[in-house]
Amino acid sequence: MLEVEIQAAEPQYALPDLTLLRRAAALTFDHVSMNRGDDSQAAVTIVLTGDEHVMALNQRFRGINAPTDILSFPADPIPMPEGADEPRYLGDLVIALPYALAQAERLGHDSSESMALLVIHGMLHLLGCDHDTPERKAEMWTAQTTLLSALGIDPEILPALEANAHGDEVD
């Protein structure tokens with residue numbers, strides 16, 4: 001089971017379907033956990049914020065002085081006492097809401113579906129998946145396709161979001 005907290009810091013923008021974002025995060029957690037035989041509980045925070053905030057984080061942590069659609073920040077594992085029923089904290093997904101909304105509009109995608117893909121992608125990173133080799137990228141893109149289909153979202157949106165406006169892969 002996954003607990004999802006969503007923090008929206010940009011009230012001037014229309015929010016995406018938050019229920020869909022929660023479902024995307026939970027489905028991704030369940031998919032990876034099931035494949036690993038892990039039935040633990042976890043929590044994640046999704047932060048919907050401005051381009052400037054994400055650009056500052058992107059500069060600080062990746063050395064890239066540009067906004068991007070999503071950044072994933074895995075949490076350091078915290079040792080839990082035996083018998084504790086606290087969910088393990090996976091980390092934070094930080095989405096540049098204006099950037100992501102403009103990206104969806106530019107690509108002709110439903111904004112909520114496009115952001116669900118970002119959540120899936122970010123969750124996969126938090127759960128240890130990556131696209132740093134061709135083999136791992138193929139596994140990650142297969143998982144994204146499977147999860148989008150399970151949410152009733154056409155997986156055809158995946159190739160268009162594979163590269164952001166800066167030519168970098170979505171991170």
# chains A, B, ... in the order shown; residues from 1 in each chain; ligands from 1
>>> residues_around(residues="Gly152 in chain A", least_positions_apart="6", cutoff="12 Å", atoms="only C-alpha atoms", output="list in words")
Leu20, Arg23, Ala24, Glu113, Ala116, Leu117, Thr145 and Thr146 of chain A
>>> residues_around(residues="range 60-76 of chain A", least_positions_apart="5", cutoff="6 Å", atoms="only C-alpha atoms", output="short mmCIF file (atom, residue, chain, number, x, y, z; two decimals) with N, CA and C atoms, in the first residue's frame")
data_model
loop_
_atom_site.label_atom_id
_atom_site.label_comp_id
_atom_site.auth_asym_id
_atom_site.auth_seq_id
_atom_site.Cartn_x
_atom_site.Cartn_y
_atom_site.Cartn_z
N ASP A 51 8.22 26.65 -12.24
CA ASP A 51 9.41 26.40 -13.05
C ASP A 51 10.68 26.90 -12.35
N VAL A 54 11.87 24.42 -9.69
CA VAL A 54 12.44 23.22 -10.29
C VAL A 54 13.77 23.54 -10.98
N MET A 55 13.85 24.71 -11.61
CA MET A 55 15.11 25.10 -12.25
C MET A 55 16.22 25.23 -11.21
N LEU A 90 9.64 6.79 0.43
CA LEU A 90 10.36 6.60 -0.82
C LEU A 90 11.07 7.87 -1.27
N GLY A 91 10.45 9.03 -1.06
CA GLY A 91 11.05 10.28 -1.48
C GLY A 91 10.03 11.24 -2.06
N ASP A 92 10.54 12.19 -2.83
CA ASP A 92 9.71 13.25 -3.38
C ASP A 92 9.78 13.26 -4.91
N LEU A 93 8.65 13.54 -5.52
CA LEU A 93 8.58 13.83 -6.94
C LEU A 93 8.23 15.31 -7.04
N VAL A 94 9.06 16.08 -7.71
CA VAL A 94 8.85 17.52 -7.83
C VAL A 94 8.56 17.82 -9.29
N ILE A 95 7.35 18.28 -9.55
CA ILE A 95 6.89 18.55 -10.92
C ILE A 95 6.76 20.06 -11.11
N ALA A 96 7.39 20.56 -12.18
CA ALA A 96 7.24 21.96 -12.57
C ALA A 96 5.89 22.06 -13.29
N TYR A 99 5.66 24.13 -16.59
CA TYR A 99 6.43 23.45 -17.63
C TYR A 99 5.68 22.22 -18.14
N ALA A 100 5.19 21.41 -17.20
CA ALA A 100 4.48 20.17 -17.57
C ALA A 100 3.18 20.47 -18.32
N GLY A 122 8.74 9.09 -12.57
CA GLY A 122 9.42 9.47 -11.33
C GLY A 122 9.36 8.38 -10.28
N LEU A 126 12.26 6.39 -8.17
CA LEU A 126 12.31 6.25 -6.71
C LEU A 126 12.42 4.79 -6.29
N ASP A 171 13.70 13.09 -16.46
CA ASP A 171 14.27 12.61 -15.19
C ASP A 171 13.37 13.05 -14.10
#
>>> closest_residue(among="A:Gln7, A:Asn58, A:Ser114, A:Thr28", to="Cys129 in chain A", atoms="only C-alpha atoms")
A:Thr28
>>> residues_around(residues="Asp85 in chain A", least_positions_apart="6", cutoff="12 Å", atoms="only C-alpha atoms", output="list of chain:residue names")
A:Ser40, A:Gln41, A:Ala42
>>> closest_residue(among="A:Ala14, A:Leu127, A:Pro134, A:Glu86", to="Asp38 in chain A", atoms="only C-alpha atoms")
A:Leu127
>>> select_by_dssp(residues="chain A", states="alpha helix (DSSP H)", output="number ranges by chain")
A: 18-36, 51-62, 97-107, 111-126, 134-150, 157-161
>>> closest_residue(among="A:Ser112, A:Leu2, A:His131, A:Ala104", to="His31 in chain A", atoms="only C-alpha atoms")
A:Leu2
>>> select_by_dssp(residues="chain A", states="strand (DSSP E)", output="compact mmCIF listing (two decimals) with N, CA and C atoms, in the first residue's frame")
# COMPACT_ATOMS: atom_id res chain seq x y z
N LEU A 2 0.48 2.24 -0.76
CA LEU A 2 1.24 3.48 -0.87
C LEU A 2 0.40 4.65 -0.38
N GLU A 3 0.99 5.44 0.51
CA GLU A 3 0.38 6.70 0.92
C GLU A 3 0.96 7.79 0.03
N VAL A 4 0.09 8.61 -0.57
CA VAL A 4 0.53 9.66 -1.48
C VAL A 4 0.06 11.00 -0.94
N GLU A 5 1.00 11.88 -0.69
CA GLU A 5 0.68 13.25 -0.31
C GLU A 5 0.98 14.13 -1.52
N ILE A 6 0.05 15.01 -1.84
CA ILE A 6 0.26 15.95 -2.94
C ILE A 6 0.25 17.36 -2.38
N GLN A 7 1.32 18.10 -2.67
CA GLN A 7 1.43 19.50 -2.26
C GLN A 7 1.40 20.35 -3.53
N ALA A 8 0.44 21.24 -3.60
CA ALA A 8 0.31 22.12 -4.77
C ALA A 8 0.68 23.53 -4.36
N ALA A 42 4.53 2.02 1.95
CA ALA A 42 5.44 3.11 1.65
C ALA A 42 4.65 4.41 1.53
N ALA A 43 5.39 5.51 1.45
CA ALA A 43 4.80 6.83 1.29
C ALA A 43 5.67 7.63 0.33
N VAL A 44 5.02 8.55 -0.37
CA VAL A 44 5.70 9.43 -1.31
C VAL A 44 5.01 10.78 -1.28
N THR A 45 5.76 11.83 -1.61
CA THR A 45 5.18 13.16 -1.73
C THR A 45 5.36 13.63 -3.17
N ILE A 46 4.27 14.13 -3.74
CA ILE A 46 4.32 14.74 -5.07
C ILE A 46 4.14 16.24 -4.86
N VAL A 47 5.13 17.01 -5.30
CA VAL A 47 5.10 18.46 -5.15
C VAL A 47 4.86 19.08 -6.52
N LEU A 48 3.79 19.84 -6.65
CA LEU A 48 3.47 20.57 -7.88
C LEU A 48 3.89 22.01 -7.62
N THR A 49 4.92 22.46 -8.33
CA THR A 49 5.50 23.75 -8.03
C THR A 49 5.80 24.52 -9.31
N ILE A 70 10.03 17.02 -14.42
CA ILE A 70 9.98 16.33 -13.13
C ILE A 70 11.37 15.99 -12.65
N LEU A 71 11.53 16.05 -11.34
CA LEU A 71 12.75 15.59 -10.69
C LEU A 71 12.34 14.60 -9.60
N SER A 72 13.12 13.55 -9.47
CA SER A 72 12.89 12.53 -8.44
C SER A 72 13.98 12.63 -7.39
N PHE A 73 13.58 12.67 -6.13
CA PHE A 73 14.51 12.74 -5.03
C PHE A 73 14.27 11.57 -4.09
N PRO A 74 15.02 10.47 -4.27
CA PRO A 74 14.83 9.32 -3.38
C PRO A 74 15.24 9.67 -1.95
N ARG A 88 7.68 3.02 4.84
CA ARG A 88 9.00 3.56 4.48
C ARG A 88 8.78 4.72 3.51
N TYR A 89 9.57 5.75 3.69
CA TYR A 89 9.41 6.94 2.86
C TYR A 89 10.27 6.78 1.62
N LEU A 90 9.64 6.79 0.43
CA LEU A 90 10.36 6.60 -0.82
C LEU A 90 11.07 7.87 -1.27
N GLY A 91 10.45 9.03 -1.06
CA GLY A 91 11.05 10.28 -1.48
C GLY A 91 10.03 11.24 -2.06
N ASP A 92 10.54 12.19 -2.83
CA ASP A 92 9.71 13.25 -3.38
C ASP A 92 9.78 13.26 -4.91
N LEU A 93 8.65 13.54 -5.52
CA LEU A 93 8.58 13.83 -6.94
C LEU A 93 8.23 15.31 -7.04
N VAL A 94 9.06 16.08 -7.71
CA VAL A 94 8.85 17.52 -7.83
C VAL A 94 8.56 17.82 -9.29
N ILE A 95 7.35 18.28 -9.55
CA ILE A 95 6.89 18.55 -10.92
C ILE A 95 6.76 20.06 -11.11
N ALA A 96 7.39 20.56 -12.18
CA ALA A 96 7.24 21.96 -12.57
C ALA A 96 5.89 22.06 -13.29
>>> atom_distance(atom1="CA of Met140 in chain A", atom2="CA of His53 in chain A")
27.1 Å
>>> closest_residue(among="A:Leu148, A:Leu101, A:Met1, A:Met115", to="Tyr13 in chain A", atoms="only C-alpha atoms")
A:Leu101
>>> closest_residue(among="A:Ala9, A:Leu18, A:Ile120, A:Ile153", to="Asp30 in chain A", atoms="only C-alpha atoms")
A:Ile120
>>> closest_residue(among="A:Leu124, A:Leu21, A:Ile157, A:Leu107", to="Arg136 in chain A", atoms="only C-alpha atoms")
A:Leu124
>>> decode(residues="range 19-105 of chain A", atoms="C-alpha atoms", output="tab-separated table (two decimals), in the first residue's frame")
chain	number	residue	atom	x	y	z
A	19	THR	CA	-6.90	11.24	-8.19
A	20	LEU	CA	-5.24	10.06	-11.40
A	21	LEU	CA	-1.82	11.12	-10.10
A	22	ARG	CA	-2.41	9.19	-6.86
A	23	ARG	CA	-3.55	6.14	-8.84
A	24	ALA	CA	-0.49	6.37	-11.11
A	25	ALA	CA	1.84	6.47	-8.10
A	26	ALA	CA	0.07	3.62	-6.29
A	27	LEU	CA	-0.16	1.43	-9.38
A	28	THR	CA	3.55	1.92	-10.07
A	29	PHE	CA	4.43	1.03	-6.47
A	30	ASP	CA	2.22	-2.06	-6.59
A	31	HIS	CA	3.65	-3.14	-9.96
A	32	VAL	CA	7.28	-2.91	-8.82
A	33	SER	CA	6.57	-4.34	-5.37
A	34	MET	CA	4.71	-7.32	-6.83
A	35	ASN	CA	7.59	-8.05	-9.20
A	36	ARG	CA	10.01	-7.94	-6.27
A	37	GLY	CA	7.82	-9.93	-3.91
A	38	ASP	CA	7.69	-6.96	-1.54
A	39	ASP	CA	4.42	-6.28	0.28
A	40	SER	CA	5.64	-3.41	2.43
A	41	GLN	CA	3.92	-0.10	2.92
A	42	ALA	CA	5.44	3.11	1.65
A	43	ALA	CA	4.80	6.83	1.29
A	44	VAL	CA	5.70	9.43	-1.31
A	45	THR	CA	5.18	13.16	-1.73
A	46	ILE	CA	4.32	14.74	-5.07
A	47	VAL	CA	5.10	18.46	-5.15
A	48	LEU	CA	3.47	20.57	-7.88
A	49	THR	CA	5.50	23.75	-8.03
A	50	GLY	CA	6.79	26.49	-10.33
A	51	ASP	CA	9.41	26.40	-13.05
A	52	GLU	CA	11.79	28.62	-11.06
A	53	HIS	CA	11.79	26.26	-8.10
A	54	VAL	CA	12.44	23.22	-10.29
A	55	MET	CA	15.11	25.10	-12.25
A	56	ALA	CA	16.92	25.93	-8.98
A	57	LEU	CA	16.73	22.27	-7.90
A	58	ASN	CA	17.88	21.11	-11.33
A	59	GLN	CA	20.89	23.47	-11.13
A	60	ARG	CA	21.77	22.47	-7.58
A	61	PHE	CA	21.45	18.70	-7.94
A	62	ARG	CA	22.11	18.04	-11.63
A	63	GLY	CA	24.18	21.04	-12.68
A	64	ILE	CA	21.62	21.94	-15.36
A	65	ASN	CA	20.52	25.56	-15.37
A	66	ALA	CA	17.11	24.99	-16.97
A	67	PRO	CA	13.65	23.94	-15.88
A	68	THR	CA	12.52	20.40	-16.53
A	69	ASP	CA	9.21	18.60	-16.10
A	70	ILE	CA	9.98	16.33	-13.13
A	71	LEU	CA	12.75	15.59	-10.69
A	72	SER	CA	12.89	12.53	-8.44
A	73	PHE	CA	14.51	12.74	-5.03
A	74	PRO	CA	14.83	9.32	-3.38
A	75	ALA	CA	14.84	9.37	0.40
A	76	ASP	CA	17.69	7.87	2.34
A	77	PRO	CA	16.52	4.66	4.01
A	78	ILE	CA	15.70	5.22	7.67
A	79	PRO	CA	16.28	2.26	9.97
A	80	MET	CA	12.96	1.23	11.48
A	81	PRO	CA	12.66	-0.60	14.76
A	82	GLU	CA	11.34	-4.14	14.50
A	83	GLY	CA	7.57	-4.23	14.56
A	84	ALA	CA	7.19	-0.59	13.52
A	85	ASP	CA	4.20	-0.10	11.26
A	86	GLU	CA	5.38	3.18	9.75
A	87	PRO	CA	5.53	3.12	5.96
A	88	ARG	CA	9.00	3.56	4.48
A	89	TYR	CA	9.41	6.94	2.86
A	90	LEU	CA	10.36	6.60	-0.82
A	91	GLY	CA	11.05	10.28	-1.48
A	92	ASP	CA	9.71	13.25	-3.38
A	93	LEU	CA	8.58	13.83	-6.94
A	94	VAL	CA	8.85	17.52	-7.83
A	95	ILE	CA	6.89	18.55	-10.92
A	96	ALA	CA	7.24	21.96	-12.57
A	97	LEU	CA	3.53	22.51	-13.10
A	98	PRO	CA	3.75	25.34	-15.68
A	99	TYR	CA	6.43	23.45	-17.63
A	100	ALA	CA	4.48	20.17	-17.57
A	101	LEU	CA	1.21	21.87	-18.58
A	102	ALA	CA	2.91	23.71	-21.47
A	103	GLN	CA	4.62	20.50	-22.55
A	104	ALA	CA	1.30	18.63	-22.64
A	105	GLU	CA	-0.33	21.42	-24.62
